[in-house]
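K.L.:
Contents of final-v6.tsv (TSV, C-alpha atoms and all ligand atoms):
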chain	number	residue	atom	x	y	z
J	1	MET	CA	-7.72	23.68	52.54
J	2	SER	CA	-9.05	26.82	54.19
J	3	SER	CA	-9.78	29.71	51.94
J	4	ARG	CA	-7.15	31.78	53.73
J	5	ARG	CA	-4.57	29.07	53.18
J	6	LEU	CA	-5.61	28.73	49.55
J	7	GLU	CA	-5.24	32.44	49.04
J	8	LYS	CA	-1.78	32.36	50.58
J	9	THR	CA	-0.73	29.37	48.50
J	10	ARG	CA	-2.01	31.07	45.38
J	11	GLY	CA	0.00	34.11	46.25
J	12	VAL	CA	3.13	32.06	46.72
J	13	CYS	CA	2.61	30.11	43.53
J	14	LEU	CA	1.73	33.16	41.55
J	15	GLY	CA	4.72	34.95	42.99
J	16	ALA	CA	6.92	32.05	41.99
J	17	MET	CA	5.45	32.14	38.53
J	18	VAL	CA	6.13	35.84	38.19
J	19	VAL	CA	9.72	35.38	39.32
J	20	PHE	CA	10.08	32.46	36.90
J	21	MET	CA	8.78	34.55	34.05
J	22	LEU	CA	10.99	37.48	34.85
J	23	THR	CA	14.29	35.81	35.52
J	24	GLY	CA	14.05	32.04	35.27
J	25	CYS	CA	12.98	31.57	31.66
J	26	PRO	CA	15.38	32.89	29.02
J	27	PRO	CA	13.96	34.19	25.74
J	28	HIS	CA	13.34	31.39	23.31
J	29	ASP	CA	14.77	32.49	19.98
J	30	ARG	CA	14.26	30.50	16.84
J	31	VAL	CA	15.43	30.54	13.20
J	32	LEU	CA	12.90	29.16	10.74
J	33	PHE	CA	13.22	28.46	7.02
J	34	VAL	CA	10.98	28.95	4.00
J	35	ASN	CA	11.36	26.68	0.93
J	36	PRO	CA	13.95	24.31	2.36
J	37	ASN	CA	14.93	21.13	0.54
J	38	SER	CA	12.92	18.18	1.88
J	39	THR	CA	16.01	16.27	2.98
J	40	GLY	CA	19.40	17.18	4.36
J	41	GLN	CA	20.51	19.36	7.22
J	42	ILE	CA	20.30	23.12	7.10
J	43	GLY	CA	23.32	24.92	8.53
J	44	ILE	CA	23.52	28.55	9.57
J	45	LEU	CA	26.17	31.11	10.44
J	46	LEU	CA	24.81	33.59	12.97
J	47	ASP	CA	26.01	37.06	13.95
J	48	GLY	CA	24.64	38.57	17.14
J	49	ASN	CA	25.08	38.44	20.89
J	50	VAL	CA	24.50	34.83	21.93
J	51	ASP	CA	24.07	33.95	25.61
J	52	GLY	CA	25.91	37.11	26.60
J	53	SER	CA	28.82	37.24	24.17
J	54	THR	CA	29.22	38.67	20.69
J	55	LYS	CA	29.47	36.01	17.98
J	56	ASN	CA	30.50	36.26	14.35
J	57	ASP	CA	29.51	33.28	12.21
J	58	LYS	CA	28.57	31.00	15.07
J	59	SER	CA	27.45	27.83	13.33
J	60	TYR	CA	24.46	25.60	13.97
J	61	VAL	CA	22.79	22.75	12.10
J	62	THR	CA	19.24	21.49	12.20
J	63	SER	CA	18.86	18.04	13.75
J	64	SER	CA	15.61	16.15	13.32
J	65	SER	CA	13.72	19.42	13.46
J	66	ASP	CA	13.28	21.91	10.68
J	67	HIS	CA	14.51	24.93	12.62
J	68	VAL	CA	17.47	26.12	14.67
J	69	ASP	CA	17.30	27.11	18.33
J	70	PRO	CA	20.33	29.36	18.62
J	71	GLY	CA	20.12	30.13	22.35
J	72	THR	CA	19.36	33.59	23.69
J	73	VAL	CA	20.28	36.05	20.98
J	74	VAL	CA	20.15	39.81	21.40
J	75	ALA	CA	21.42	42.56	19.14
J	76	ALA	CA	25.15	43.09	18.77
J	77	SER	CA	26.87	45.60	16.45
J	78	HIS	CA	26.29	43.18	13.55
J	79	ASN	CA	23.30	40.88	13.26
J	80	GLU	CA	22.91	38.36	10.48
J	81	VAL	CA	21.94	34.81	9.54
J	82	ILE	CA	23.45	32.99	6.53
J	83	ALA	CA	21.90	29.63	5.64
J	84	PHE	CA	23.14	26.67	3.59
J	85	GLN	CA	21.48	23.47	2.41
J	86	GLN	CA	21.89	20.96	-0.40
J	87	GLU	CA	20.06	21.98	-3.58
J	88	ARG	CA	19.45	25.47	-2.26
J	89	PRO	CA	21.36	28.69	-2.98
J	90	VAL	CA	23.00	30.37	0.02
J	91	ALA	CA	20.34	32.46	1.81
J	92	ILE	CA	20.92	35.53	3.94
J	93	LEU	CA	19.11	37.71	6.47
J	94	ASP	CA	21.50	40.64	6.54
J	95	SER	CA	20.01	42.74	9.32
J	96	VAL	CA	18.24	40.73	11.98
J	97	SER	CA	16.45	42.69	14.70
J	98	TRP	CA	17.36	40.45	17.62
J	99	THR	CA	15.48	41.65	20.72
J	100	THR	CA	15.63	40.76	24.39
J	101	GLY	CA	12.35	38.89	23.95
J	102	ASN	CA	11.38	35.79	22.01
J	103	ASP	CA	12.53	36.26	18.42
J	104	SER	CA	11.39	34.14	15.55
J	105	VAL	CA	13.31	34.97	12.39
J	106	THR	CA	12.77	33.40	8.99
J	107	ALA	CA	15.34	32.79	6.25
J	108	THR	CA	13.93	32.15	2.79
J	109	PHE	CA	15.72	29.82	0.38
J	110	GLY	CA	15.43	30.31	-3.36
J	111	ASN	CA	15.06	27.32	-5.65
J	112	GLU	CA	18.24	25.59	-6.84
J	113	MET	CA	19.79	27.65	-9.63
J	114	GLY	CA	20.10	26.23	-13.14
J	115	VAL	CA	23.40	26.72	-14.97
J	116	GLY	CA	24.17	25.87	-18.61
J	117	PHE	CA	27.46	25.22	-20.41
J	118	HIS	CA	28.57	25.20	-24.03
J	119	VAL	CA	31.43	22.80	-24.75
J	120	TRP	CA	33.55	22.91	-27.88
J	121	LEU	CA	35.65	19.90	-28.89
J	122	LEU	CA	38.79	20.80	-30.86
J	123	GLN	CA	41.23	17.92	-30.28
J	124	GLY	CA	40.11	14.56	-31.67
J	125	PRO	CA	39.07	11.83	-31.42
J	126	ALA	CA	35.70	13.48	-30.79
J	127	ASP	CA	34.35	10.48	-28.87
J	128	ASP	CA	37.22	10.66	-26.39
J	129	ARG	CA	36.76	14.39	-25.86
J	130	ARG	CA	33.01	13.97	-25.46
J	131	ASP	CA	33.57	11.31	-22.78
J	132	GLN	CA	36.05	13.63	-21.06
J	133	ALA	CA	33.57	16.50	-21.09
J	134	ILE	CA	30.69	14.35	-19.85
J	135	ALA	CA	32.83	13.01	-16.99
J	136	ALA	CA	33.62	16.60	-16.01
J	137	CYS	CA	29.92	17.51	-16.13
J	138	ILE	CA	29.03	14.61	-13.81
J	139	LYS	CA	31.88	15.37	-11.40
J	140	LEU	CA	30.97	19.05	-11.23
J	141	ASP	CA	27.32	18.37	-10.47
J	142	GLU	CA	28.32	15.83	-7.80
J	143	ILE	CA	30.58	18.38	-6.09
J	144	TRP	CA	27.90	21.07	-6.27
J	145	GLU	CA	25.34	18.71	-4.72
J	146	ASN	CA	27.60	17.43	-1.95
J	147	GLU	CA	29.04	20.84	-1.12
J	148	ARG	CA	25.72	22.72	-1.12
J	149	MET	CA	26.56	25.09	-3.95
J	150	GLY	CA	22.87	25.51	-4.75
J	151	THR	CA	23.48	25.26	-8.49
J	152	GLN	CA	22.69	22.43	-10.88
J	153	ILE	CA	23.62	21.83	-14.51
J	154	THR	CA	20.50	22.29	-16.62
J	155	SER	CA	22.06	22.29	-20.08
J	156	PHE	CA	25.32	20.94	-21.46
J	157	VAL	CA	25.65	21.54	-25.20
J	158	ILE	CA	28.59	19.78	-26.89
J	159	ASP	CA	29.78	21.10	-30.25
J	160	ASP	CA	32.12	18.88	-32.28
J	161	LYS	CA	34.71	21.08	-34.01
J	162	THR	CA	37.30	18.34	-34.48
J	163	SER	CA	36.91	18.60	-38.28
J	164	ASP	CA	37.05	22.39	-38.37
J	165	PRO	CA	40.34	23.52	-40.01
J	166	ALA	CA	40.38	26.62	-37.78
J	167	ARG	CA	40.91	24.42	-34.72
J	168	THR	CA	44.61	23.64	-35.46
J	169	ALA	CA	45.73	27.14	-34.42
J	170	PHE	CA	44.41	26.47	-30.90
J	171	LEU	CA	45.50	22.89	-30.16
J	172	ASP	CA	48.46	24.29	-28.22
J	173	TYR	CA	46.72	27.03	-26.29
J	174	THR	CA	47.52	30.04	-24.10
J	175	CYS	CA	45.07	32.71	-22.89
J	176	ALA	CA	46.64	35.17	-25.37
J	177	GLU	CA	44.59	33.32	-28.00
J	178	ALA	CA	41.30	33.58	-26.12
J	179	SER	CA	39.73	36.31	-28.19
J	180	SER	CA	40.53	34.66	-31.54
J	181	LEU	CA	39.42	31.27	-30.18
J	182	ARG	CA	36.05	32.75	-29.34
J	183	SER	CA	35.60	34.40	-32.72
J	184	GLN	CA	36.96	31.57	-34.90
J	185	ILE	CA	35.51	28.49	-33.15
J	186	GLY	CA	32.37	29.92	-31.55
J	187	HIS	CA	31.10	31.34	-28.27
J	188	ASP	CA	27.75	31.53	-26.49
J	189	SER	CA	27.78	34.60	-24.26
J	190	SER	CA	24.80	33.44	-22.19
J	191	VAL	CA	26.75	30.57	-20.56
J	192	ILE	CA	30.27	29.47	-19.61
J	193	ASN	CA	32.12	28.12	-22.65
J	194	ILE	CA	34.62	25.26	-22.24
J	195	TYR	CA	37.02	24.40	-25.06
J	196	TYR	CA	38.81	21.04	-25.16
J	197	VAL	CA	42.16	21.38	-26.97
J	198	ASN	CA	45.33	19.26	-26.83
J	199	ARG	CA	47.78	21.18	-24.62
J	200	VAL	CA	47.37	24.24	-22.40
J	201	ASP	CA	50.06	26.59	-21.06
J	202	PHE	CA	48.96	28.89	-18.22
J	203	GLY	CA	52.49	30.13	-17.60
J	204	SER	CA	54.63	27.12	-16.74
J	205	GLY	CA	54.78	25.19	-20.00
J	206	PHE	CA	52.43	23.18	-22.22
J	207	SER	CA	50.74	20.06	-20.86
J	208	THR	CA	47.80	17.93	-21.94
J	209	GLY	CA	46.86	17.71	-18.24
J	210	ASN	CA	46.44	21.47	-17.78
J	211	GLY	CA	43.35	23.62	-17.82
J	212	VAL	CA	42.89	27.37	-17.53
J	213	TRP	CA	40.28	30.04	-16.80
J	214	CYS	CA	41.05	33.03	-19.04
J	215	SER	CA	39.53	35.70	-16.83
J	216	ASN	CA	39.64	38.56	-19.35
J	217	ASP	CA	37.73	36.61	-21.98
J	218	ARG	CA	35.67	34.58	-19.49
J	219	ILE	CA	36.35	31.16	-21.06
J	220	ILE	CA	37.73	27.82	-19.83
J	221	VAL	CA	40.18	25.79	-21.92
J	222	MET	CA	41.10	22.22	-21.01
J	223	GLY	CA	43.91	19.90	-22.18
J	224	SER	CA	43.16	16.50	-23.71
J	225	THR	CA	44.05	14.54	-20.54
J	226	ALA	CA	42.83	17.09	-17.98
J	227	SER	CA	40.89	15.48	-15.12
J	228	ASP	CA	37.19	15.86	-14.41
J	229	HIS	CA	37.91	17.58	-11.08
J	230	LEU	CA	40.24	20.07	-12.80
J	231	ALA	CA	37.26	21.24	-14.85
J	232	ALA	CA	35.39	21.75	-11.54
J	233	HIS	CA	38.41	23.77	-10.35
J	234	GLU	CA	38.43	26.05	-13.42
J	235	ILE	CA	34.69	26.60	-13.02
J	236	GLY	CA	35.48	27.55	-9.41
J	237	HIS	CA	37.60	30.38	-10.84
J	238	ALA	CA	34.59	31.47	-12.91
J	239	PHE	CA	32.70	31.56	-9.61
J	240	GLU	CA	35.37	34.02	-8.44
J	241	LEU	CA	37.24	31.57	-6.20
J	242	ASP	CA	41.02	31.78	-5.87
J	243	HIS	CA	43.68	29.17	-5.12
J	244	VAL	CA	43.83	28.03	-1.51
J	245	ASN	CA	47.10	26.07	-1.65
J	246	ASP	CA	49.03	28.70	0.36
J	247	LEU	CA	46.52	28.39	3.23
J	248	THR	CA	48.05	25.14	4.44
J	249	THR	CA	46.56	25.18	7.96
J	250	ASN	CA	43.02	24.89	6.69
J	251	PHE	CA	43.28	23.40	3.21
J	252	ASP	CA	44.93	20.53	1.36
J	253	THR	CA	44.67	18.95	-2.09
J	254	THR	CA	41.12	17.74	-1.35
J	255	ASN	CA	39.78	21.28	-1.80
J	256	VAL	CA	38.44	22.08	-5.26
J	257	MET	CA	40.52	25.27	-5.39
J	258	HIS	CA	43.91	23.64	-4.72
J	259	ASN	CA	46.07	24.43	-7.75
J	260	ALA	CA	47.78	21.03	-8.12
J	261	SER	CA	45.81	18.02	-6.99
J	262	ASN	CA	44.66	14.53	-7.90
J	263	ASN	CA	41.72	14.46	-5.50
J	264	ARG	CA	39.66	17.66	-5.50
J	265	GLU	CA	36.31	17.17	-3.72
J	266	TYR	CA	35.36	19.85	-1.22
J	267	LEU	CA	34.29	23.47	-0.97
J	268	THR	CA	34.01	25.28	2.37
J	269	GLU	CA	30.96	27.33	3.29
J	270	GLY	CA	33.30	30.36	3.06
J	271	GLN	CA	33.83	29.44	-0.59
J	272	THR	CA	30.21	28.72	-1.51
J	273	PHE	CA	29.25	32.03	0.14
J	274	ARG	CA	31.76	33.86	-2.09
J	275	ALA	CA	30.57	32.04	-5.23
J	276	HIS	CA	27.13	33.57	-4.66
J	277	PHE	CA	27.95	36.96	-3.18
J	278	GLU	CA	31.08	38.10	-5.06
J	279	PRO	CA	29.81	40.59	-7.66
J	280	ASN	CA	32.11	39.22	-10.38
J	281	SER	CA	31.10	35.58	-9.94
J	282	VAL	CA	29.43	34.26	-13.11
J	283	ILE	CA	26.39	33.56	-10.92
J	284	ASN	CA	25.94	37.36	-10.81
J	285	THR	CA	27.37	38.25	-14.24
J	286	THR	CA	26.98	35.72	-17.08
J	287	TYR	CA	24.02	33.89	-15.53
J	288	ASN	CA	22.52	36.82	-13.57
J	289	LEU	CA	20.83	34.38	-11.19
J	290	ARG	CA	20.56	36.77	-8.22
J	291	PRO	CA	19.18	40.01	-9.70
J	292	GLY	CA	18.71	42.65	-7.02
J	293	LEU	CA	20.14	40.49	-4.25
J	294	ILE	CA	22.99	41.46	-1.96
J	295	THR	CA	26.56	41.14	-3.22
J	296	ARG	CA	29.71	41.46	-1.13
J	297	ASN	CA	33.37	42.09	-1.91
J	298	CYS	CA	34.86	39.54	0.45
J	299	GLY	CA	38.58	39.66	-0.15
J	300	ASN	CA	38.83	36.29	-1.74
J	301	LEU	CA	41.28	34.52	0.56
J	302	SER	CA	40.61	36.33	3.82
J	303	GLU	CA	41.12	33.93	6.72
J	304	THR	CA	39.49	36.40	9.12
J	305	ALA	CA	35.73	36.63	9.45
J	306	GLY	CA	34.42	40.14	8.91
J	307	ASN	CA	30.96	41.62	8.97
J	308	LYS	CA	30.70	41.20	5.20
J	309	CYS	CA	31.86	37.62	4.75
J	310	PRO	CA	32.77	34.46	6.61
J	311	ALA	CA	36.44	33.44	6.63
J	312	ILE	CA	37.42	31.51	3.51
J	313	GLN	CA	38.03	28.35	5.57
J	314	LYS	CA	34.68	28.51	7.43
J	315	ARG	CA	33.08	25.07	7.59
J	316	ILE	CA	29.68	24.16	9.06
J	317	TRP	CA	30.23	20.55	7.98
J	318	ALA	CA	33.49	18.58	7.83
J	319	ASP	CA	35.43	18.42	4.57
J	320	GLY	CA	37.23	15.07	4.86
J	321	THR	CA	39.73	15.41	7.71
J	322	PHE	CA	38.98	19.12	8.26
J	323	PRO	CA	36.28	19.41	10.95
J	324	PRO	CA	33.67	22.14	11.31
J	325	ASN	CA	35.33	25.31	12.59
M	401	ZN	ZN	43.46	27.42	-10.82
For this file, write the structure as structure tokens.
Ligand SMILES: [Zn+2]
P.N.:
Amino acid sequence: MSSRRLEKTRGVCLGAMVVFMLTGCPPHDRVLFVNPNSTGQIGILLDGNVDGSTKNDKSYVTSSSDHVDPGTVVAASHNEVIAFQQERPVAILDSVSWTTGNDSVTATFGNEMGVGFHVWLLQGPADDRRDQAIAACIKLDEIWENERMGTQITSFVIDDKTSDPARTAFLDYTCAEASSLRSQIGHDSSVINIYYVNRVDFGSGFSTGNGVWCSNDRIIVMGSTASDHLAAHEIGHAFELDHVNDLTTNFDTTNVMHNASNNREYLTEGQTFRAHFEPNSVINTTYNLRPGLITRNCGNLSETAGNKCPAIQKRIWADGTFPPN
């Protein structure tokens, strides 16, 4: 090739390269993670302008890679990344500076949070109540693991009070008795306390199958035939989650926060977000596991995504027959 021709070709190729760089190659944005769990997908909810349109809680999951390629993201009026993974607390980047160039943003996961319980057995036989409490402990930890709550049970103290004469006043229980139950049977203010009595009335009559979260006194009381998943439900109340049974488009009895169910299993990402970010959740009060971190008043059952919180029904992963949304 003559030197003149080479020069010309160079010019053409270089010109093509310049054009390619300017218009042909979109910015390559990337979301990276610090301290992820070694297995299991990471899912994110992203706020920003993605490929030319404003998105609120656009969801992505990692595939075989350890990061998310969200497309071309530039700043919108609200810019955020919320991340979820098994055995990791919900992580947030609340003000991401998306640019028109290549952005690499990093979300940092904390370690899984340890949560303790103190269980008091009032209704005998003690062995039966202990088995009931242990089944509830196992079920709760299973739900937390599967649903990416980011909490694990690190202590579960069981106190046998079935021979304590003071117990008889509480075997048929309503929340009006919460304060005297705490003072007469016992209470550990550093953890959630769960009392196993015979029958519970939360407003519609006594039943051995009932359980209740007494919000003023911050205790859970369970009937003598109450299911393991009902205990997970009452603990959901302690995590500041409300009943979802009126939201029939997006929830059924398989959700942990359905009020009357035989098959509670799932929590949405909208719910696990609230469990961590609602200021009155026991994660932020009793256990104080997120000191100094962001809290948000979400409006517990809001079905509309806002800048502060995802919609209550927001799912990155399917919950049974309910697909990601
Ligand atoms: Zn309830």
K.L.:
If I put a ball of radius 9 Å at (27.6, 43.5, 10.0) in the file's coordinates, which residues poke into it when counting all atoms listed in the file, written as a list in words?
P.N.:
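Within the cut-off we find Asp47, Asn56, Ser77, His78, Asn79, Glu80, Asp94, Ser95, Gly306, Asn307, Lys308 and Cys309 of chain J.
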K.L.:
Determine, for each residue of chain J having at least one atom at most 8 Å from an atom of ligand ZN 401 (chain M), the closest pair of atoms and their separation in Å to one decimal, counting only C-alpha atoms and all ligand atoms; order by chain and ascending number, as a tab-separated table.
P.N.:
residue	atom	partner	partner_atom	distance
J:Gly211	CA	M:ZN401	ZN	8.0
J:Val212	CA	M:ZN401	ZN	6.7
J:Trp213	CA	M:ZN401	ZN	7.3
J:His233	CA	M:ZN401	ZN	6.2
J:Glu234	CA	M:ZN401	ZN	5.8
J:His237	CA	M:ZN401	ZN	6.6
J:Asp242	CA	M:ZN401	ZN	7.0
J:His243	CA	M:ZN401	ZN	6.0
J:Met257	CA	M:ZN401	ZN	6.5
J:His258	CA	M:ZN401	ZN	7.2
J:Asn259	CA	M:ZN401	ZN	5.0
K.L.:
Pick from J:Ile143, J:Ile192, J:Ile44, J:Ala126: nearest to Ser163 of chain J, with only C-alpha atoms counted?
P.N.:
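Looking only at the distances to Ser163 of chain J, the closest residue turns out to be J:Ala126.
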K.L.:
Would you mind listing what lies within 8 Å of segment 28-41 of chain J as a list in words, with only C-alpha atoms counted and same-chain residues fewer than 4 positions away left out?
P.N.:
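In the requested format, the answer is Val61, Thr62, Ser63, Asp66, His67, Val68, Asp69, Pro70, Gly71, Thr72, Val73, Gln85, Gln86, Glu87, Arg88, Gly101, Asn102, Asp103, Ser104, Val105, Thr106, Ala107, Thr108, Phe109, Gly110 and Asn111 of chain J.
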K.L.:
Deliver the residues from the most recent selection as a file, using C-alpha atoms, as an mmCIF file, in the coordinates of the input.
P.N.:
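Written out: part21.cif:
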data_model
loop_
_atom_site.group_PDB
_atom_site.id
_atom_site.type_symbol
_atom_site.label_atom_id
_atom_site.label_comp_id
_atom_site.auth_asym_id
_atom_site.auth_seq_id
_atom_site.Cartn_x
_atom_site.Cartn_y
_atom_site.Cartn_z
ATOM 1 C CA VAL J 61 22.790 22.750 12.100
ATOM 2 C CA THR J 62 19.240 21.490 12.200
ATOM 3 C CA SER J 63 18.860 18.040 13.750
ATOM 4 C CA ASP J 66 13.280 21.910 10.680
ATOM 5 C CA HIS J 67 14.510 24.930 12.620
ATOM 6 C CA VAL J 68 17.470 26.120 14.670
ATOM 7 C CA ASP J 69 17.300 27.110 18.330
ATOM 8 C CA PRO J 70 20.330 29.360 18.620
ATOM 9 C CA GLY J 71 20.120 30.130 22.350
ATOM 10 C CA THR J 72 19.360 33.590 23.690
ATOM 11 C CA VAL J 73 20.280 36.050 20.980
ATOM 12 C CA GLN J 85 21.480 23.470 2.410
ATOM 13 C CA GLN J 86 21.890 20.960 -0.400
ATOM 14 C CA GLU J 87 20.060 21.980 -3.580
ATOM 15 C CA ARG J 88 19.450 25.470 -2.260
ATOM 16 C CA GLY J 101 12.350 38.890 23.950
ATOM 17 C CA ASN J 102 11.380 35.790 22.010
ATOM 18 C CA ASP J 103 12.530 36.260 18.420
ATOM 19 C CA SER J 104 11.390 34.140 15.550
ATOM 20 C CA VAL J 105 13.310 34.970 12.390
ATOM 21 C CA THR J 106 12.770 33.400 8.990
ATOM 22 C CA ALA J 107 15.340 32.790 6.250
ATOM 23 C CA THR J 108 13.930 32.150 2.790
ATOM 24 C CA PHE J 109 15.720 29.820 0.380
ATOM 25 C CA GLY J 110 15.430 30.310 -3.360
ATOM 26 C CA ASN J 111 15.060 27.320 -5.650
#
K.L.:
Calculated over all atoms listed in the file, which of the candidates J:Ser215, J:Ser302, J:Ser281, J:Thr208 has the smallest distance to Leu171 of chain J?
P.N.:
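Of J:Ser215, J:Ser302, J:Ser281, J:Thr208, the one nearest Leu171 of chain J is J:Thr208, counting all atoms listed in the file.
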K.L.:
Quick one: residues within 8 Å of (40.4, 26.4, -33.1) (file frame), counting only C-alpha atoms, please, as a list of chain:residue names.
P.N.:
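I get J:Leu122, J:Lys161, J:Asp164, J:Pro165, J:Ala166, J:Arg167, J:Thr168, J:Ala169, J:Phe170, J:Leu171, J:Leu181, J:Gln184, J:Ile185 for the residues within 8 Å of that point.
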K.L.:
Check the smallest atom-to-atom distance from each of J:Val191, J:Val244, J:Ile219, J:Val90 to Gly116 of chain J using all atoms listed in the file, then report the winner.
P.N.:
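The answer is J:Val191, which sits nearest to Gly116 of chain J.
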K.L.:
Given only C-alpha atoms as the basis, pick out the residue of J:Val221, J:Val282, J:Ala318, J:Leu301 nearest to Gln123 of chain J.
P.N.:
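The answer is J:Val221, which sits nearest to Gln123 of chain J.
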K.L.:
Atom CA of Arg182 of chain J to atom CA of Thr285 of chain J: how many Å, to one decimal?
P.N.:
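If I compute the distance from atom CA of Arg182 of chain J to atom CA of Thr285 of chain J, I get 18.3 Å.
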K.L.:
Could you write out as JSON the box around segment 242-254 of chain J (axis-aligned, all atoms listed in the file, 4 Å on each side), with centre and edge lengths in Å to one decimal?
P.N.:
{"center_x": 45.0, "center_y": 24.8, "center_z": 1.0, "size_x": 16.0, "size_y": 22.0, "size_z": 21.8}
K.L.:
Could you please determine the separation between atom CA of Thr225 of chain J and atom CA of Gly209 of chain J in Å, to one decimal place?
P.N.:
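Atom CA of Gly209 of chain J lies 4.8 Å from atom CA of Thr225 of chain J.
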K.L.:
One number please: atom CA of Ile194 of chain J to atom CA of Met222 of chain J, in Å, one decimal.
P.N.:
7.3 Å
K.L.:
Which one is closest to Asp141 of chain J: J:Asn297, J:Thr154, J:Asn262, J:Ser224? Count only C-alpha atoms.
P.N.:
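That would be J:Thr154, the residue with the smallest distance to Asp141 of chain J.
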K.L.:
For Trp98 of chain J, which residue among J:Met149, J:Ala178, J:Leu46, J:Ile220 is the nearest when counting all atoms listed in the file?
P.N.:
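Among the listed residues, the smallest separation from Trp98 of chain J belongs to J:Leu46.
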K.L.:
Fewer than 2 positions away in the same chain doesn't count, so skip those; otherwise give me all residues within 10 Å of Asn280 of chain J, counting all atoms listed in the file, as a ChimeraX atom specification.
P.N.:
/J:238-240,274-278,282-286,295-297
K.L.:
Can I get the selected residues back with C-alpha atoms, as a compact mmCIF listing (two decimals), in the coordinates of the input?
P.N.:
# COMPACT_ATOMS: atom_id res chain seq x y z
CA ALA J 238 34.59 31.47 -12.91
CA PHE J 239 32.70 31.56 -9.61
CA GLU J 240 35.37 34.02 -8.44
CA ARG J 274 31.76 33.86 -2.09
CA ALA J 275 30.57 32.04 -5.23
CA HIS J 276 27.13 33.57 -4.66
CA PHE J 277 27.95 36.96 -3.18
CA GLU J 278 31.08 38.10 -5.06
CA VAL J 282 29.43 34.26 -13.11
CA ILE J 283 26.39 33.56 -10.92
CA ASN J 284 25.94 37.36 -10.81
CA THR J 285 27.37 38.25 -14.24
CA THR J 286 26.98 35.72 -17.08
CA THR J 295 26.56 41.14 -3.22
CA ARG J 296 29.71 41.46 -1.13
CA ASN J 297 33.37 42.09 -1.91
K.L.:
Since the input lacks some atoms of segment 231-242 of chain J, please model N, CA and C atoms and print them as an mmCIF file, in the coordinates of the input.
P.N.:
data_model
loop_
_atom_site.group_PDB
_atom_site.id
_atom_site.type_symbol
_atom_site.label_atom_id
_atom_site.label_comp_id
_atom_site.auth_asym_id
_atom_site.auth_seq_id
_atom_site.Cartn_x
_atom_site.Cartn_y
_atom_site.Cartn_z
ATOM 1 N N ALA J 231 38.316 20.411 -14.249
ATOM 2 C CA ALA J 231 37.260 21.240 -14.850
ATOM 3 C C ALA J 231 36.432 21.906 -13.752
ATOM 4 N N ALA J 232 36.132 21.161 -12.671
ATOM 5 C CA ALA J 232 35.390 21.750 -11.540
ATOM 6 C C ALA J 232 36.194 22.891 -10.915
ATOM 7 N N HIS J 233 37.518 22.731 -10.877
ATOM 8 C CA HIS J 233 38.410 23.770 -10.350
ATOM 9 C C HIS J 233 38.344 25.039 -11.212
ATOM 10 N N GLU J 234 38.453 24.873 -12.534
ATOM 11 C CA GLU J 234 38.430 26.050 -13.420
ATOM 12 C C GLU J 234 37.077 26.754 -13.330
ATOM 13 N N ILE J 235 36.014 25.987 -13.190
ATOM 14 C CA ILE J 235 34.690 26.600 -13.020
ATOM 15 C C ILE J 235 34.622 27.326 -11.679
ATOM 16 N N GLY J 236 35.345 26.825 -10.683
ATOM 17 C CA GLY J 236 35.480 27.550 -9.410
ATOM 18 C C GLY J 236 36.065 28.941 -9.623
ATOM 19 N N HIS J 237 37.062 29.051 -10.515
ATOM 20 C CA HIS J 237 37.600 30.380 -10.840
ATOM 21 C C HIS J 237 36.513 31.274 -11.445
ATOM 22 N N ALA J 238 35.687 30.695 -12.319
ATOM 23 C CA ALA J 238 34.590 31.470 -12.910
ATOM 24 C C ALA J 238 33.607 31.951 -11.833
ATOM 25 N N PHE J 239 33.529 31.178 -10.754
ATOM 26 C CA PHE J 239 32.700 31.560 -9.610
ATOM 27 C C PHE J 239 33.467 32.470 -8.650
ATOM 28 N N GLU J 240 34.591 33.003 -9.153
ATOM 29 C CA GLU J 240 35.370 34.020 -8.440
ATOM 30 C C GLU J 240 36.121 33.454 -7.218
ATOM 31 N N LEU J 241 36.465 32.176 -7.287
ATOM 32 C CA LEU J 241 37.240 31.570 -6.200
ATOM 33 C C LEU J 241 38.709 31.499 -6.592
ATOM 34 N N ASP J 242 39.582 31.802 -5.636
ATOM 35 C CA ASP J 242 41.020 31.780 -5.870
ATOM 36 C C ASP J 242 41.663 30.530 -5.275
#
